Each structure stands twice: as structure tokens, then as C-alpha cells.
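*Asks:* Below: one structure in C-alpha cells.
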Amino acid sequence: MFTTEELRSMLDPSVMGSPSRIESLRRQEHKRLRKIAMRTIRAAGVKEWVFHDDGLHGRAYPKSKKIIVPTPTTPRHLYVVARQCGRIVFHDVTPTYMRDLQVERYACSVLRNNQLPLPHEELAKSQRQLARKICLAARRGVKEFDDQLLIGCRGEIWTEIQELSRQSSAQSQ
């Protein structure tokens, strides 16, 4: 993050108009995000990583401890890197919805620990995926869910989970 003085100097019209200054600040931020990503990758025990410039998607291979992630140039890209690192760290957690919850918490903690904003679009997408997995588990007969797990589930998905939970409780009695 930038200090107050740096932010004021960026808003100064005489400095703000300088393309070289803006490019310099952009390069500094990219460098900082890359350092955070490399720290996260090493902390997760990843043995091999590949950066790509093809969108906001990533892939983790827990057995070989390899990840393929976007080059971390924005907090959203860094969030994807942190998620894939989380998949390496929590690959043996079962059931899958608990693993996904731990991965989300891991990714959010990486961004929070580095004073970066959480990307709301990515969080919303992850919450929808997590809620879908919870619904699948409920349909398959899981009767009780941890309250912490259900905090991110809202709206229709929450209603569906409650309904499935009631149905499975009624069938078991």
C-alpha cells in the first residue's frame, strides 16, 4: 500500500499527468504483488509454478505440488494465486466443501495479511461454488453442517440448503 504522502503526490495534477511517474508506480506495484505471490507459493510448499497471461483462472496439481496461475499484476490475480496455493496446502481435507472453505479462508488471509483489498467478484464466485457443493452434499444425505460453513450462503441457495436439510431429517425419522 502507499503512504499518505505518496497518495497526495499522485493526486497532485503536476505529478499525476506524468506518464513516466504513473508507469513507475505501476511497475512498483507489480513488483510488490509478485513478491507477495512468491512468498505465498513458497509458504504453501509448491515445487513448480507457471505464470500465464491468459485470464483469471488457475489450476493446482496437489500430488506433484504444481500450480498454473495468472501473473500476479493485480489483487484479483494474486487472489487466484493464493487460492491455488491453498488447494496445495489443504488437498487432503475432506469433505470437499470443507476443503473449499479452508481454501477460501487461506486466500482471504493472504490478501488481508498484505493489506490488499479483497476482490468482491472473485469472492462472490467462490461463495456460489461453495454453496453449490454444500447443496450437493445435502442432496447426498449430509444432515448437519457447521454454522461457520453456512455464513457465506445467502438467498435462494440458503433456502435450498435448509429445505434439503429438512427433507433429509424427515426421511431419516
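By convention here, the chains of the C-alpha cells are called A, B, ... in the order presented, each chain's residues are numbered starting at 1, and ligands are numbered starting at 1 in the order presented.
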Could I get the residues of range 13-87 of chain A with an atom no further than 9 Å from an atom of range 121-129 of chain A, each paired with its nearest atom pair and that distance in Å to one decimal, using only C-alpha atoms, sorted by chain and residue number, as a tab-separated table?
*Replies:*
residue	atom	partner	partner_atom	distance
A:Arg76	CA	A:Glu122	CA	7.2
A:Tyr79	CA	A:Glu122	CA	8.0
A:Val80	CA	A:Glu122	CA	8.4
*Asks:* For the residues in the current selection, export C-alpha atoms as a compact mmCIF listing (two decimals), in the first residue's frame.
*Replies:*
# COMPACT_ATOMS: atom_id res chain seq x y z
CA ARG A 76 -7.53 -10.28 -8.27
CA TYR A 79 -6.24 -13.95 -5.10
CA VAL A 80 -6.20 -16.68 -7.77
*Asks:* Could you please write out, as an NGL selection string, every residue of range 11-153 of chain A that DSSP assigns to strand (DSSP E)?
*Replies:* :A and (48-52 or 59-61 or 66-70)
*Asks:* May I have the residues within 8 Å of range 84-98 of chain A as number ranges by chain, using only C-alpha atoms and disregarding those fewer than 6 positions away in the same chain?
*Replies:* A: 40-41, 44-46, 58-62, 65, 67, 69, 104, 106-107, 130, 133-134, 149
*Asks:* When you look at Pro70 in chain A with a cut-off of 7 Å (counting only C-alpha atoms), what residues show up, excluding the ones that are within fewer than 6 positions of it in the same chain? I need them as an NGL selection string.
*Replies:* :A and (51-58 or 77)
*Asks:* Mind writing the picked residues with N, CA and C atoms as a tab-separated table (two decimals), in the first residue's frame?
*Replies:*
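File produced: out_25.tsv:
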chain	number	residue	atom	x	y	z
A	51	PHE	N	3.45	-19.12	-14.56
A	51	PHE	CA	2.61	-17.93	-14.68
A	51	PHE	C	2.12	-17.81	-16.12
A	52	HIS	N	0.85	-17.44	-16.30
A	52	HIS	CA	0.30	-17.21	-17.63
A	52	HIS	C	-0.37	-15.85	-17.68
A	53	ASP	N	-0.62	-15.35	-18.87
A	53	ASP	CA	-1.30	-14.07	-19.06
A	53	ASP	C	-2.62	-14.28	-19.79
A	54	ASP	N	-3.28	-15.36	-19.49
A	54	ASP	CA	-4.48	-15.75	-20.23
A	54	ASP	C	-5.71	-15.77	-19.33
A	55	GLY	N	-6.04	-14.66	-18.69
A	55	GLY	CA	-7.25	-14.58	-17.89
A	55	GLY	C	-7.05	-14.83	-16.41
A	56	LEU	N	-8.19	-14.98	-15.73
A	56	LEU	CA	-8.20	-15.13	-14.26
A	56	LEU	C	-8.51	-16.57	-13.85
A	57	HIS	N	-7.79	-17.50	-14.36
A	57	HIS	CA	-8.02	-18.88	-13.96
A	57	HIS	C	-6.70	-19.51	-13.55
A	58	GLY	N	-6.82	-20.52	-12.72
A	58	GLY	CA	-5.64	-21.22	-12.26
A	58	GLY	C	-5.93	-22.69	-12.12
A	77	HIS	N	-5.59	-11.12	-9.46
A	77	HIS	CA	-4.66	-12.16	-9.90
A	77	HIS	C	-4.00	-12.83	-8.69
*Asks:* Using only C-alpha atoms, find the one residue out of A:Val142, A:Ile22, A:Val50, A:Leu101 that sits nearest to Arg83 in chain A.
*Replies:*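 Of A:Val142, A:Ile22, A:Val50, A:Leu101, the one nearest Arg83 in chain A, counting only C-alpha atoms, is A:Leu101.
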*Asks:* I'd like the contact shell of Arg32 in chain A - 12 Å cut-off, only C-alpha atoms, skipping same-chain residues fewer than 5 positions apart - returned as an mmCIF file with C-alpha atoms, in the first residue's frame.
*Replies:*
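Final output, saved to part.cif:
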data_model
loop_
_atom_site.group_PDB
_atom_site.id
_atom_site.type_symbol
_atom_site.label_atom_id
_atom_site.label_comp_id
_atom_site.auth_asym_id
_atom_site.auth_seq_id
_atom_site.Cartn_x
_atom_site.Cartn_y
_atom_site.Cartn_z
ATOM 1 C CA MET A 1 0.000 0.000 0.000
ATOM 2 C CA PHE A 2 1.047 3.569 -0.493
ATOM 3 C CA LEU A 25 4.234 3.386 -9.731
ATOM 4 C CA ARG A 26 2.560 0.629 -11.741
ATOM 5 C CA ARG A 27 5.849 -1.263 -12.026
ATOM 6 C CA ALA A 37 2.915 -14.216 -4.665
ATOM 7 C CA MET A 38 6.356 -15.790 -4.440
ATOM 8 C CA ARG A 39 6.227 -15.701 -0.616
ATOM 9 C CA PRO A 72 0.146 -11.508 -10.227
ATOM 10 C CA THR A 73 -0.275 -7.932 -11.508
ATOM 11 C CA THR A 74 -3.485 -7.080 -9.610
ATOM 12 C CA PRO A 75 -5.049 -8.138 -6.293
ATOM 13 C CA LEU A 78 -2.979 -12.570 -6.512
ATOM 14 C CA ASN A 114 -0.675 -7.925 2.997
ATOM 15 C CA GLN A 115 -3.223 -5.091 3.386
ATOM 16 C CA LEU A 116 -4.739 -5.719 -0.053
#
*Asks:* Assign secondary structure with DSSP using the backbone only, and return the residues of range 39-168 of chain A in helix (DSSP H, G or I) as a PyMOL selection string.
*Replies:* chain A and resi 39-43+75-89+96-113+120-139+147-150+155-168
*Asks:* Which of these residues is nearest to Arg105 in chain A, using only C-alpha atoms: A:Glu48, A:Ala82, A:Lys63, A:Pro117?
*Replies:*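 Of all the options, A:Ala82 lies closest to Arg105 in chain A.
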